[in-house]
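What follows is the content of model.tsv, which has TSV, C-alpha atoms:
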```
chain	number	residue	atom	x	y	z
L	28	MET	CA	10.20	5.70	6.22
L	29	PRO	CA	10.74	1.99	5.49
L	30	THR	CA	12.51	0.97	2.34
L	31	HIS	CA	11.02	-1.78	0.24
L	32	THR	CA	13.26	-4.13	-1.64
L	33	LEU	CA	12.13	-6.12	-4.59
L	34	PRO	CA	11.77	-9.80	-3.69
L	35	PRO	CA	14.25	-12.00	-5.61
L	36	TRP	CA	12.80	-13.31	-8.86
L	37	THR	CA	13.95	-14.69	-12.19
L	38	LEU	CA	12.54	-15.28	-15.66
L	39	ARG	CA	13.00	-18.48	-17.60
L	40	GLN	CA	11.71	-19.68	-20.96
L	41	ALA	CA	8.41	-21.50	-20.57
L	42	LEU	CA	8.14	-25.21	-21.28
L	43	PRO	CA	5.16	-27.20	-22.60
L	44	GLU	CA	4.58	-28.63	-19.11
L	45	ASP	CA	4.09	-25.11	-17.69
L	46	ALA	CA	0.67	-24.88	-19.36
L	47	GLU	CA	-1.31	-26.38	-16.48
L	48	PRO	CA	0.23	-24.29	-13.65
L	49	ILE	CA	-0.31	-21.20	-15.81
L	50	ALA	CA	-3.92	-22.19	-16.54
L	51	GLU	CA	-4.55	-22.59	-12.79
L	52	LEU	CA	-2.98	-19.22	-11.99
L	53	ARG	CA	-5.01	-17.58	-14.76
L	54	ALA	CA	-8.22	-18.97	-13.27
L	55	GLU	CA	-7.25	-17.67	-9.83
L	56	VAL	CA	-6.21	-14.14	-10.79
L	57	MET	CA	-8.92	-13.52	-13.38
L	58	ARG	CA	-11.82	-14.90	-11.35
L	59	PRO	CA	-12.78	-11.67	-9.52
L	60	ASP	CA	-12.93	-9.60	-12.74
L	61	LEU	CA	-14.69	-12.32	-14.71
L	62	GLU	CA	-17.25	-12.84	-11.94
L	63	ARG	CA	-17.85	-9.08	-11.72
L	64	LEU	CA	-18.54	-9.07	-15.48
L	65	GLY	CA	-20.73	-12.19	-15.23
L	66	ARG	CA	-18.34	-14.14	-17.48
L	67	TYR	CA	-16.60	-16.61	-15.15
L	68	ASP	CA	-16.66	-20.20	-16.39
L	69	GLU	CA	-14.39	-22.55	-14.46
L	70	HIS	CA	-13.57	-24.71	-17.49
L	71	ARG	CA	-13.40	-21.98	-20.14
L	72	VAL	CA	-10.98	-19.74	-18.18
L	73	ARG	CA	-8.44	-22.57	-18.17
L	74	GLN	CA	-9.15	-23.87	-21.67
L	75	ARG	CA	-8.62	-20.45	-23.28
L	76	LEU	CA	-5.07	-20.47	-21.89
L	77	ARG	CA	-4.44	-24.03	-23.05
L	78	ASP	CA	-5.69	-23.20	-26.56
L	79	ALA	CA	-3.50	-20.09	-26.90
L	80	TYR	CA	-0.41	-21.27	-25.01
L	81	ALA	CA	2.83	-20.82	-26.96
L	82	PRO	CA	5.83	-21.65	-24.76
L	83	GLU	CA	8.21	-20.17	-27.34
L	84	HIS	CA	6.73	-16.71	-26.64
L	85	THR	CA	6.19	-17.18	-22.90
L	86	TRP	CA	8.43	-16.66	-19.88
L	87	VAL	CA	7.83	-18.06	-16.43
L	88	ILE	CA	8.38	-15.85	-13.40
L	89	GLU	CA	9.95	-17.67	-10.48
L	90	ALA	CA	10.32	-16.30	-6.97
L	91	ALA	CA	12.27	-18.16	-4.30
L	92	GLY	CA	12.73	-20.97	-6.83
L	93	SER	CA	9.00	-21.56	-7.29
L	94	PHE	CA	6.48	-20.80	-10.02
L	95	ALA	CA	5.11	-17.31	-9.41
L	96	GLY	CA	3.64	-16.20	-12.73
L	97	CYS	CA	4.23	-15.68	-16.41
L	98	VAL	CA	4.23	-13.22	-19.27
L	99	ALA	CA	4.01	-13.71	-23.03
L	100	LEU	CA	5.07	-11.45	-25.88
L	101	ARG	CA	3.45	-12.68	-29.06
L	102	PRO	CA	4.73	-11.26	-32.34
L	103	ALA	CA	2.04	-9.77	-34.57
L	104	GLU	CA	2.05	-7.92	-37.87
L	105	ASP	CA	1.79	-4.53	-36.16
L	106	GLY	CA	4.00	-5.09	-33.10
L	107	TRP	CA	3.87	-7.38	-30.08
L	108	TRP	CA	0.93	-8.48	-27.97
L	109	LEU	CA	1.59	-8.66	-24.25
L	110	GLU	CA	-0.50	-11.61	-23.09
L	111	HIS	CA	-0.92	-14.02	-20.21
L	112	PHE	CA	0.68	-11.67	-17.70
L	113	TYR	CA	-0.23	-13.28	-14.40
L	114	LEU	CA	1.42	-13.02	-11.01
L	115	SER	CA	0.56	-14.95	-7.87
L	116	PRO	CA	-1.69	-12.80	-5.67
L	117	ALA	CA	0.74	-13.29	-2.76
L	118	LEU	CA	3.40	-11.43	-4.78
L	119	GLN	CA	1.28	-8.68	-6.30
L	120	GLY	CA	2.00	-5.13	-5.21
L	121	ARG	CA	5.64	-5.87	-4.38
L	122	GLY	CA	7.26	-4.57	-7.58
L	123	ILE	CA	7.80	-7.82	-9.46
L	124	GLY	CA	5.07	-7.15	-12.03
L	125	SER	CA	6.41	-3.66	-12.71
L	126	ALA	CA	9.95	-5.00	-13.09
L	127	VAL	CA	8.85	-7.74	-15.49
L	128	LEU	CA	6.80	-5.25	-17.50
L	129	ARG	CA	9.70	-2.76	-17.63
L	130	GLY	CA	11.98	-5.48	-18.99
L	131	ALA	CA	9.52	-6.37	-21.75
L	132	LEU	CA	9.00	-2.71	-22.65
L	133	ASP	CA	12.74	-2.01	-22.68
L	134	ARG	CA	13.10	-4.83	-25.19
L	135	ALA	CA	10.27	-3.42	-27.33
L	136	ASP	CA	11.80	0.08	-27.18
L	137	ALA	CA	15.21	-1.26	-28.25
L	138	GLU	CA	13.57	-2.91	-31.26
L	139	ARG	CA	11.25	0.11	-31.89
L	140	ILE	CA	8.16	-2.09	-31.64
L	141	PRO	CA	4.72	-1.04	-30.33
L	142	VAL	CA	3.14	-3.27	-27.69
L	143	ARG	CA	-0.59	-3.95	-27.45
L	144	LEU	CA	-2.66	-5.71	-24.82
L	145	ASP	CA	-6.17	-6.02	-23.57
L	146	VAL	CA	-7.56	-6.04	-20.06
L	147	LEU	CA	-11.04	-6.66	-18.78
L	148	GLN	CA	-13.22	-3.62	-18.14
L	149	GLY	CA	-12.70	-2.43	-14.57
L	150	SER	CA	-9.53	-4.47	-14.00
L	151	PRO	CA	-7.07	-2.87	-11.57
L	152	ALA	CA	-4.28	-4.09	-13.89
L	153	ARG	CA	-5.16	-1.24	-16.24
L	154	ARG	CA	-3.56	1.24	-13.81
L	155	LEU	CA	-0.25	-0.68	-13.97
L	156	TYR	CA	-0.25	-0.52	-17.75
L	157	GLU	CA	-1.15	3.16	-17.86
L	158	ARG	CA	1.68	3.96	-15.43
L	159	HIS	CA	4.00	2.34	-17.97
L	160	GLY	CA	2.81	4.45	-20.89
L	161	PHE	CA	-0.06	2.43	-22.35
L	162	THR	CA	-2.95	4.46	-23.74
L	163	LEU	CA	-6.47	3.57	-24.81
L	164	GLU	CA	-6.80	2.30	-28.36
L	165	ARG	CA	-10.41	1.05	-28.22
L	166	GLU	CA	-12.83	-0.70	-25.90
L	167	ASP	CA	-16.01	-2.69	-25.88
L	168	ALA	CA	-18.38	-3.90	-23.16
L	169	VAL	CA	-15.87	-6.50	-21.89
L	170	ASP	CA	-12.36	-5.55	-23.01
L	171	VAL	CA	-10.15	-2.47	-23.01
L	172	PHE	CA	-7.44	-2.47	-25.69
L	173	LEU	CA	-4.29	-0.50	-24.88
L	174	VAL	CA	-1.20	0.34	-26.90
L	175	ARG	CA	2.26	1.64	-26.04
L	176	ASN	CA	4.44	3.02	-28.79
L	177	PRO	CA	8.21	2.76	-28.41
L	178	THR	CA	9.89	5.59	-26.57
L	179	PRO	CA	13.06	7.17	-27.92
```

How does the structure come out when it is put into structure tokens?
Amino acid sequence: MPTHTLPPWTLRQALPEDAEPIAELRAEVMRPDLERLGRYDEHRVRQRLRDAYAPEHTWVIEAAGSFAGCVALRPAEDGWWLEHFYLSPALQGRGIGSAVLRGALDRADAERIPVRLDVLQGSPARRLYERHGFTLEREDAVDVFLVRNPTP
């Protein structure tokens, strides 16, 4: 049985100039789900990222020294919101996303903070989150809202 090793990757604090590469990646990775839901708009998918982008709460994922994705943890009154978690399709399914998510959740557990997120209805990303302990909080016709309480 072959062994799979995690490709080398790093996290770095996001910078203001990372907004455009992140907006492009968002458009690429969200397009299939948004099209399936009849909600894809080429301009809006990018603009929503630009409008919400907060580099102080965002980390860039780099693999082989190049931009590969990002993740944001936005503080909220009732915990953290995991947002803008995008990974280049070429790197999906290789363990990087799970490793990044584990790191964020370890940090939340250490601080005893719940983490919330939302995914589009039918998104395969939901399975990743559920494997990491997220449970359904509520849903509507477009979004599924998940929560993960800190583990002891």

note - atom CA of L:Leu38 and atom CA of L:Val171 are separated by 27.1 Å

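Among the candidates L:Glu104, L:Glu51, L:Asp170, L:Asp45, the residue lying nearest to L:Thr85 is L:Asp45 (atoms considered: all atoms listed in the file).
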
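You will find atom CA of L:Arg77 at 7.6 Å from atom CA of L:Glu47.
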
Shell of 8 Å around stretch 146-153 of chain L, all atoms listed in the file, local chain residues under 5 positions omitted, as a PyMOL selection string: chain L and resi 60-61+168-172

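Using all atoms listed in the file, the contacts of L:Gly120 at a cut-off of 12 Å, with sequence neighbours closer than 2 positions omitted, comprise His31, Thr32, Leu33, Pro34, Leu114, Ser115, Pro116, Ala117, Leu118, Gly122, Ile123, Gly124, Ser125, Ala126, Pro151, Ala152 and Leu155 of chain L.
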
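Shortest atom-to-atom contact with L:Phe112 among L:Leu42, L:Val174, L:Ala50, L:Leu64: L:Ala50, counting only C-alpha atoms.
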
Select, from L:Arg175, L:Arg75, L:Arg53, L:Arg134, the residue with the minimum atom-to-atom distance to L:His159, counting all atoms listed in the file. L:Arg175

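Proximity ranking of L:Arg165, L:Gln119, L:Asn176, L:Glu157 relative to L:Leu132 places L:Asn176 first, based on all atoms listed in the file.
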
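With all atoms listed in the file as the atoms that count, the minimum distance from L:Val56 to the choices L:Arg73, L:Arg129, L:Arg143, L:Arg158 is reached by L:Arg73.
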
Neighbour residues at most 12 Å from (3.4, -23.4, -12.9) (all atoms listed in the file) as a PyMOL selection string: chain L and resi 39+41-53+86-90+92-97+113-115
